[in-house]
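Undergrad: Sending over a structure as structure tokens; questions will come in a sec.
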Amino acid sequence: MREYYTITELTREFDISTRTLRFYEDEGLIHPLRRGRTRLFRPSDRHLLKQILRGKRLGFSINEIREIVQMYKEPPGEVGQLKLMIHRIDEKRDDLKQKRRDLEETLAELDHAEEACVERLAELGVNT
């Protein structure tokens, strides 16, 4: 296992910008070591970055990610973190299901509007 990763190595590995990595640092989510102006990321920072990016892909906000990360570091620890994660996943799932229902309803409305337009064109003797 490596002792340190550079910012360039992590940005390439995770296909993110240096600005993104610095943003997570500014937000207090990761804490690389500093050697002068050089940031050195430990394997634990790399793992945390992986978790942050997974949280973003799942639709979690920075504040939600911070809450989950903090819970791992403090009591109730990993058990509390996992329970919170399950709760947040349920919330995200419910939100996505509602969005799907909204999309299906909008698509149905578009279908009806298109159908009405086609019928009216037919009444006017215009082929579509």
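Chain identifiers are assigned as A, B, and so on, following the order in which chains appear in the structure tokens; residues are numbered from 1 within each chain, and ligands are numbered from 1 in order of appearance.
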Tell me, as a ChimeraX atom specification, which residues lie within 10 Å of Glu27 of chain A, counting only C-alpha atoms; anything in the same chain fewer than 6 positions away does not count.
TA: /A:21,62-63,66
Undergrad: Next, the residues of the selection above should be written as an mmCIF file, in the first residue's frame with all heavy atoms.
TA:
data_model
loop_
_atom_site.group_PDB
_atom_site.id
_atom_site.type_symbol
_atom_site.label_atom_id
_atom_site.label_comp_id
_atom_site.auth_asym_id
_atom_site.auth_seq_id
_atom_site.Cartn_x
_atom_site.Cartn_y
_atom_site.Cartn_z
ATOM 1 N N LEU A 21 -11.211 18.620 -6.117
ATOM 2 C CA LEU A 21 -10.492 18.082 -4.957
ATOM 3 C C LEU A 21 -10.247 19.180 -3.927
ATOM 4 O O LEU A 21 -10.435 18.970 -2.724
ATOM 5 C CB LEU A 21 -9.180 17.464 -5.425
ATOM 6 C CG LEU A 21 -8.567 16.382 -4.587
ATOM 7 C CD1 LEU A 21 -9.562 15.320 -4.163
ATOM 8 C CD2 LEU A 21 -7.413 15.732 -5.336
ATOM 9 N N ILE A 62 -23.507 17.974 -0.369
ATOM 10 C CA ILE A 62 -22.254 18.050 0.399
ATOM 11 C C ILE A 62 -22.555 17.980 1.892
ATOM 12 O O ILE A 62 -21.862 17.306 2.640
ATOM 13 C CB ILE A 62 -21.483 19.346 0.055
ATOM 14 C CG1 ILE A 62 -20.950 19.285 -1.378
ATOM 15 C CG2 ILE A 62 -20.341 19.596 1.038
ATOM 16 C CD1 ILE A 62 -19.933 18.193 -1.636
ATOM 17 N N ASN A 63 -23.604 18.653 2.338
ATOM 18 C CA ASN A 63 -23.957 18.618 3.764
ATOM 19 C C ASN A 63 -24.348 17.213 4.214
ATOM 20 O O ASN A 63 -24.000 16.800 5.322
ATOM 21 C CB ASN A 63 -25.074 19.612 4.077
ATOM 22 C CG ASN A 63 -24.583 21.038 4.056
ATOM 23 O OD1 ASN A 63 -23.398 21.316 4.284
ATOM 24 N ND2 ASN A 63 -25.471 21.968 3.766
ATOM 25 N N ARG A 66 -21.181 15.225 4.417
ATOM 26 C CA ARG A 66 -20.438 15.634 5.611
ATOM 27 C C ARG A 66 -21.027 14.976 6.861
ATOM 28 O O ARG A 66 -20.301 14.471 7.714
ATOM 29 C CB ARG A 66 -20.454 17.149 5.753
ATOM 30 C CG ARG A 66 -19.667 17.647 6.957
ATOM 31 C CD ARG A 66 -19.701 19.163 7.126
ATOM 32 N NE ARG A 66 -19.064 19.833 6.009
ATOM 33 C CZ ARG A 66 -19.721 20.505 5.055
ATOM 34 N NH1 ARG A 66 -21.040 20.606 5.088
ATOM 35 N NH2 ARG A 66 -19.081 21.099 4.078
#
Undergrad: Using only C-alpha atoms, which protein or nucleic acid residues come within 6 Å of segment 2-10 of chain A? Drop anything in the same chain fewer than 5 positions from it, and give the result as an MDAnalysis selection string.
TA: chainID A and resid 40:42
Undergrad: From a DSSP pass on the backbone, collect the residues of segment 3-40 of chain A flagged as strand (DSSP E or B) and hand them back as a list in words.
TA: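 Put together, the selection reads Tyr5, Thr6, Leu33, Arg34, Arg35, Thr38, Arg39 and Leu40 of chain A.
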Undergrad: For Arg88 of chain A, work out the shell of residues within 12 Å, counting only C-alpha atoms and skipping chain neighbours fewer than 6 positions away, then give it as a list in words.
TA: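 Using only C-alpha atoms, the neighbours found are Gly55, Leu58, Gly59, Phe60, Ser61, Glu64, Ile65, Glu67, Ile68, Gln81, Leu82, Asp94 and Asp95 of chain A.
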Undergrad: For a quick check of understanding, using only C-alpha atoms, which of A:Arg39, A:Lys99, A:Lys56, A:Lys50 has the smallest distance to Glu13 of chain A?
TA: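 Answer, going by the shortest atom-to-atom distance: A:Lys50.
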Undergrad: DSSP says alpha helix (DSSP H) for which residues of segment 1-125 of chain A? Put them as an MDAnalysis selection string?
TA: chainID A and resid 7:14 18:26 43:57 62:73 77:123
Undergrad: Write out as a PyMOL selection string each polymer residue whose atoms come within 10 Å of Thr20 of chain A, counting only C-alpha atoms; drop sequence neighbours fewer than 5 positions from it.
TA: chain A and resi 11+25-26
Undergrad: Could you tell me how far atom CA of Arg100 of chain A lies from atom CA of Met85 of chain A, in Å and to one decimal?
TA: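 Atom CA of Arg100 of chain A sits 22.1 Å away from atom CA of Met85 of chain A.
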Undergrad: For atom CA of Arg54 of chain A and atom CA of Arg22 of chain A, determine how far apart the two atoms are, in Å to one decimal place.
TA: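 Atom-to-atom, atom CA of Arg54 of chain A to atom CA of Arg22 of chain A, that is 17.3 Å.
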